[in-house]
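Undergrad: Structure in structure tokens, see below.
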Amino acid sequence: MSVYEKNNIDSSQVKSHALAILVENQVGALARVVSMFSARGYNIDSLTVAKVTEDENISRITIITSGTRMKIEQIKSQLGRIVLVHKVVDLTSEGDFVSRELIFVKVKSKGEKRVEALRTADIFRAKVVDSTKQSFIFELTGSSDKLNAFIVLMKDLGLVEVARTGSVAISRGSLKIN
Amino acid sequence: MLYTGAEIVIKVLRKLDVEYIFGYPGGAILPIYDEIFKQNKIRHILVRHEQGAVHMAEGYARSTGKVGVVLVTSGPGATNAVTGLTDALMDSIPILCLTGQVPTHLIGTDAFQEADTVGITRSCTKHNYLVKDINLIQESILEGYQIASSGRPGPVVIDLPKDIQNSKTKYKENIKLRSKFKIKEKKTYAKNYNIQINKAIDLIKISKKPIVYIGGGLINSGNKASTELQKFSKLTNFPITSTLMGLGAFPASNIIFLGMLGMHGTYEANMSMHDCDLMINLGARFDDRITGRLDGFSPNSKKIHIDIDPSSINKNVEVDLPIIGDVSKILKLINKELTNGKFKKLSFTSDWWKKITKWKKKNCLSFINSKKIIKPQQALVTLNKKITDKDFFITTEVGQHQMWAAQYIKFEKPKRWMTSGGLGTMGYGFPAAIGVQIAHRKSLVICVAGEASFLMNLQELSTVKQYRLPVKIFILNNKYLGMVRQWQEFFHGGRYSESYTDSLPDFVKLAESYGIKGVRATKPEDLDIVINDMINYDGPVIADICVDEKENVFPMIPSGAAHNEMKLKDSDNIATSTKEGKMLV
């Protein structure tokens with residue numbers, strides 16, 4: 001999109017997309033990817049990165065971004081220009097995919113609220129990974145929506161702090177992206 | 001046998017047939033300068049400012065099709081090069097820039113003349129390297145050179161810490177490059193273009209009102225691309241217009257050439273773009289100087305876009321048929337199909353050509369000449385007349401003079417016109433002219449300049465003198481930042497805020513102080529003699545052409561307007577530019 005059209009983007013055309021980006025595991029690869037997003041004014045809703053090959057040559061970046069179809073296409077080709085980027089796949093438009101993230105939620109409460117927190121965690125199948133007389137730390141894995149719902153419930157039950165990984169995603173079926 | 005990193009740098013550059021390095025020494029790059037001293041195959045051109053070095057390399061690269069090589073020191077050396085690197089990135093010019101760096105163990109300690117060069121240049125290079133392992137120095141340079149020159153060309157920085165330049169390793173005679181980026185560039189191209197070519201041919205066949213819009217990509221694609229375009233034009237008779245960067249890729253004297261399009265393009269080019277039913281974009285990128293208001297941009301046309309860079313497709317304008325690849329190859333395929341299919345070319349008596357001829361009759365580049373004062377347009381018309389049968393190259397700075405040069409100087413061949421299109425860098429033209437002259441010693445190289453742009457890199461006069469380069473600096477001196485003044489007149493109520501340059505130097509005396517010839521024209525009748533003097537003098541010349549201070553560039557599409565809303569003269573009410581338009585540059 002250009003400056004000339006900035007006010008007339010139909011917001012119903014803006015969709016969230018999960019991008020899987022395979023990059024050479026070298027200094028500056030992540031910086032180039034991230035600075036492309038900021039330089040061109042694209043959003044990063046979440047970002048994860050880790051080495052994924054045994055020889056440690058390739059890192060996989062998962063970025064959740066949003067935009068119109070044309071903008072997502074543009075993001076893909078701008079990523080493709082980066083020399084250290086091997087492959088970019090838009091999981092959202094390629095078909096079905098699974099995506100998960102992990103959170104730690106620290107809750108501090110007493111009495112009934114403490115019991116309620118534990119009960120809610122049980123419903124969500126969250127694990128208790130740390131416990132003191134006043135607090136719990138819950139670990140929970142799931143879709144972003146599920147995690148959001150859990151956080152909302154915990155707000156009334158003494159939520160202190162949240163640590164969150166951001167989404168990782170992979171396409172369903174037997175095909176490999178590279 | 002073991003070689004130092006610095007020795008390897010020179011060995012690799014020699015293997016790559018590098019003839020010239022544009023550079024400036026400093027602490028962190030001394031080992032490489034020592035190696036330069038010990039050999040005489042590669043000529044080093046000592047610049048007077050690192051920005052000048054990159055622009056010279058750009059001029060060299062743009063006029064030869066080779067990679068321009070730059071050598072600077074760490075810290076300020078590297079940061080001074082940033083403007084040039086950004087310029088090269090925007091205009092897709094192959095540059096290899098080697099920067100010195102503090103030794104690896106001092107990186108991150110805020111050492112003397114340390115700067116995060118790879119960090120700073122990440123967004124203004126196609127790719128960059130910090131070589132921390134002596135065993136990777138050879139690969140990095142070879143790879144960087146290849147990245148700079150392949151696909152859509154661009155600048156590459158290689159940051160070389162001083163300890164790496166001094167430590168020793170083996171020189172690998174047969175080196176196998178990690179070929180991943182080569183594979184990548186191939187991957188983006190289709191295996192065969194049959195389907196796309198057929199679709200293109202179908203569109204070409206049914207088109208009644210076609211236009212071909214060419215850009216700098218055609219020049220980067222090499223002389224072959226221009227040859228194929230000429231074949232295409234003979235086969236189709238389609239009108240052709242060019243962006244600022246594409247000038248020269250098609251001969252200006254050919255009757256089907258409509259001149260430059262865009263903000264200061266010709267009436268016929270812009271009207272054809274607006275009214276066409278088929279637009280064929282060859283190696284251009286729908287830049288905002290070209291399109292004007294997007295929702296008014298060529299509303300009724302099918303668009304074919306041929307470009308080597310996938311990210312250029314659908315960036316600003318959504319097209320109907322994108323073809324990704326080298327434009328010369330694709331044009332060749334299209335030409336073959338057209339020849340085989342016995343395509344019937346567009347006749348000059350067709351309605352479309354009649355319409356275009358009518359637009360041409362507007363004579364949009366005409367201007368009212370004066371007997372009292374030199375009109376800048378007249379200066380360039382005269383210059384054009386006197387160089388037209390010579391082997392000439394033109395570079396420009398940025399502003400009004402640049403647009404006038406694009407309008408009034410006629411180019412017949414590619415790689416003859418060097419200008420800063422994307423970034424619009426004042427101070428580009430003079431060093432670029434030096435780079436061109438170094439590559440073409442016998443040719444006539446003229447930098448068409450404005451006095452303000454020239455002041456931005458005039459230190460290179462010293463370089464011109466040192467290497468006896470007969471560069472001609474043709475200054476259209478109106479004492480204003482002309483283009484800024486024009487916008488202030490049109491859009492800011494004539495309040496000339498800071499656009500007048502007081503205390504200009506006497507350019508003739510300035511030239512003389514460097515031992516260079518200086519000439520001046522103040523009256524229209526001086527023009528002939530002064531230009532003859534300049535062209536015929538064997539050596540560098542500054543020609544100070546004192547022109548009308550308040551002349552404006554026309555035609556003009558004001559920001560936020562469409563192609564058919566062009567202003568052709570001062571009396572057209574240009575101040576009606578929309579509120580949204582005023583927000584734009």
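Chain labels run A, B, ... following the order of the structure tokens; each chain numbers its residues from 1, and ligands are numbered from 1 in the order shown.
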Do me a favour and pick out the residues of chain A within 12 Å of chain B, using only C-alpha atoms, as a ChimeraX atom specification.
TA: /A:1-8,23-24,26-40,69-88
Undergrad: Identify all residues of segment 48-112 of chain A in strand (DSSP E or B) (DSSP on the backbone) and supply them as JSON, numbers by chain.
TA: {"A": [48, 49, 50, 51, 58, 59, 60, 61, 62, 63, 64, 65, 66, 67, 85, 86, 87, 88, 89, 90, 97, 98, 99, 100, 101, 102, 103, 104, 105, 106, 107, 108]}
Undergrad: Mind dumping the selected residues with N, CA and C atoms as an mmCIF file, in the first residue's frame?
TA:
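As written to disk, part-v2.cif reads:
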data_model
loop_
_atom_site.group_PDB
_atom_site.id
_atom_site.type_symbol
_atom_site.label_atom_id
_atom_site.label_comp_id
_atom_site.auth_asym_id
_atom_site.auth_seq_id
_atom_site.Cartn_x
_atom_site.Cartn_y
_atom_site.Cartn_z
ATOM 1 N N THR A 48 8.917 -16.024 17.299
ATOM 2 C CA THR A 48 9.740 -17.005 18.006
ATOM 3 C C THR A 48 10.876 -17.406 17.077
ATOM 4 N N VAL A 49 11.988 -17.810 17.668
ATOM 5 C CA VAL A 49 13.103 -18.249 16.834
ATOM 6 C C VAL A 49 13.949 -19.264 17.593
ATOM 7 N N ALA A 50 14.365 -20.313 16.884
ATOM 8 C CA ALA A 50 15.304 -21.280 17.459
ATOM 9 C C ALA A 50 15.927 -22.086 16.338
ATOM 10 N N LYS A 51 17.087 -22.681 16.654
ATOM 11 C CA LYS A 51 17.738 -23.565 15.689
ATOM 12 C C LYS A 51 16.884 -24.800 15.501
ATOM 13 N N ILE A 58 20.401 -24.036 10.327
ATOM 14 C CA ILE A 58 19.142 -23.366 9.991
ATOM 15 C C ILE A 58 18.351 -23.044 11.253
ATOM 16 N N SER A 59 17.876 -21.807 11.305
ATOM 17 C CA SER A 59 16.953 -21.428 12.373
ATOM 18 C C SER A 59 15.581 -21.229 11.763
ATOM 19 N N ARG A 60 14.572 -21.493 12.566
ATOM 20 C CA ARG A 60 13.212 -21.277 12.083
ATOM 21 C C ARG A 60 12.595 -20.134 12.883
ATOM 22 N N ILE A 61 12.105 -19.153 12.144
ATOM 23 C CA ILE A 61 11.442 -18.024 12.776
ATOM 24 C C ILE A 61 9.945 -18.165 12.489
ATOM 25 N N THR A 62 9.132 -18.042 13.510
ATOM 26 C CA THR A 62 7.688 -17.993 13.273
ATOM 27 C C THR A 62 7.221 -16.588 13.609
ATOM 28 N N ILE A 63 6.620 -15.941 12.625
ATOM 29 C CA ILE A 63 6.120 -14.595 12.867
ATOM 30 C C ILE A 63 4.618 -14.579 12.630
ATOM 31 N N ILE A 64 3.887 -14.038 13.587
ATOM 32 C CA ILE A 64 2.460 -13.806 13.362
ATOM 33 C C ILE A 64 2.318 -12.329 13.007
ATOM 34 N N THR A 65 1.788 -12.078 11.826
ATOM 35 C CA THR A 65 1.629 -10.695 11.376
ATOM 36 C C THR A 65 0.212 -10.544 10.837
ATOM 37 N N SER A 66 -0.165 -9.337 10.493
ATOM 38 C CA SER A 66 -1.494 -9.175 9.926
ATOM 39 C C SER A 66 -1.457 -8.163 8.792
ATOM 40 N N GLY A 67 -2.355 -8.320 7.857
ATOM 41 C CA GLY A 67 -2.407 -7.391 6.730
ATOM 42 C C GLY A 67 -3.355 -7.887 5.659
ATOM 43 N N VAL A 85 17.796 -15.486 4.178
ATOM 44 C CA VAL A 85 16.511 -16.176 4.274
ATOM 45 C C VAL A 85 16.441 -17.258 3.191
ATOM 46 N N HIS A 86 16.214 -18.505 3.623
ATOM 47 C CA HIS A 86 16.149 -19.604 2.661
ATOM 48 C C HIS A 86 14.757 -19.802 2.108
ATOM 49 N N LYS A 87 13.769 -19.673 2.995
ATOM 50 C CA LYS A 87 12.424 -20.064 2.590
ATOM 51 C C LYS A 87 11.414 -19.319 3.446
ATOM 52 N N VAL A 88 10.367 -18.853 2.814
ATOM 53 C CA VAL A 88 9.277 -18.216 3.552
ATOM 54 C C VAL A 88 7.987 -18.930 3.185
ATOM 55 N N VAL A 89 7.250 -19.382 4.186
ATOM 56 C CA VAL A 89 5.965 -20.018 3.900
ATOM 57 C C VAL A 89 4.875 -19.321 4.699
ATOM 58 N N ASP A 90 3.818 -18.948 3.999
ATOM 59 C CA ASP A 90 2.662 -18.367 4.666
ATOM 60 C C ASP A 90 1.731 -19.522 5.033
ATOM 61 N N PHE A 97 -2.873 -25.674 9.517
ATOM 62 C CA PHE A 97 -1.647 -25.764 10.312
ATOM 63 C C PHE A 97 -2.016 -25.799 11.785
ATOM 64 N N VAL A 98 -1.088 -26.300 12.596
ATOM 65 C CA VAL A 98 -1.285 -26.222 14.041
ATOM 66 C C VAL A 98 -0.381 -25.165 14.612
ATOM 67 N N SER A 99 -0.860 -24.459 15.610
ATOM 68 C CA SER A 99 -0.009 -23.466 16.251
ATOM 69 C C SER A 99 -0.242 -23.508 17.764
ATOM 70 N N ARG A 100 0.816 -23.389 18.485
ATOM 71 C CA ARG A 100 0.753 -23.453 19.947
ATOM 72 C C ARG A 100 1.680 -22.421 20.545
ATOM 73 N N GLU A 101 1.343 -21.968 21.745
ATOM 74 C CA GLU A 101 2.352 -21.253 22.524
ATOM 75 C C GLU A 101 2.295 -21.689 23.966
ATOM 76 N N LEU A 102 3.303 -21.254 24.696
ATOM 77 C CA LEU A 102 3.425 -21.666 26.088
ATOM 78 C C LEU A 102 3.475 -20.421 26.961
ATOM 79 N N ILE A 103 2.759 -20.496 28.134
ATOM 80 C CA ILE A 103 2.879 -19.381 29.094
ATOM 81 C C ILE A 103 3.188 -19.887 30.487
ATOM 82 N N PHE A 104 3.841 -19.009 31.212
ATOM 83 C CA PHE A 104 3.933 -19.156 32.662
ATOM 84 C C PHE A 104 3.082 -18.044 33.255
ATOM 85 N N VAL A 105 2.224 -18.420 34.219
ATOM 86 C CA VAL A 105 1.389 -17.407 34.867
ATOM 87 C C VAL A 105 1.644 -17.476 36.367
ATOM 88 N N LYS A 106 2.071 -16.346 36.935
ATOM 89 C CA LYS A 106 2.325 -16.295 38.369
ATOM 90 C C LYS A 106 1.104 -15.680 39.055
ATOM 91 N N VAL A 107 0.579 -16.398 40.035
ATOM 92 C CA VAL A 107 -0.638 -15.954 40.723
ATOM 93 C C VAL A 107 -0.353 -15.876 42.213
ATOM 94 N N LYS A 108 -0.754 -14.763 42.833
ATOM 95 C CA LYS A 108 -0.567 -14.623 44.282
ATOM 96 C C LYS A 108 -1.931 -14.402 44.917
#
Undergrad: If I take atom CA of His105 of chain B and atom CA of Asp163 of chain B, how far is one from the other in Å, to one decimal?
TA: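 Going from atom CA of His105 of chain B over to atom CA of Asp163 of chain B covers 8.7 Å.
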Undergrad: Got a sec to tell me which of chain A DSSP assigns to alpha helix (DSSP H), as an MDAnalysis selection string?
TA: chainID A and resid 29:39 69:81 91:94 111:123 144:155
Undergrad: Under the rule that only C-alpha atoms are counted, which of B:Ala521, B:Glu268, B:Asn40, B:Lys172 is the nearest residue to Leu568 of chain B?
TA: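 Distance minimum relative to Leu568 of chain B lands on B:Glu268.
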Undergrad: May I ask for the distance between atom CA of Val128 of chain A and atom CA of Lys113 of chain A, given in Å to one decimal place?
TA: 15.7 Å
Undergrad: For Pro299 of chain B, which residue out of B:Tyr3, B:His563, B:Ile323, B:Gly59 is the nearest one, using only C-alpha atoms?
TA: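 For Pro299 of chain B, the nearest of the given residues is B:His563.
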Undergrad: So which residues touch segment 85-87 of chain B within 10 Å, counting only C-alpha atoms, skipping near sequence neighbours fewer than 5 positions away, as an NGL selection string?
TA: :B and (51 or 54-55 or 58 or 78-80 or 92-97 or 121 or 123-126 or 154-157 or 420-425 or 428)
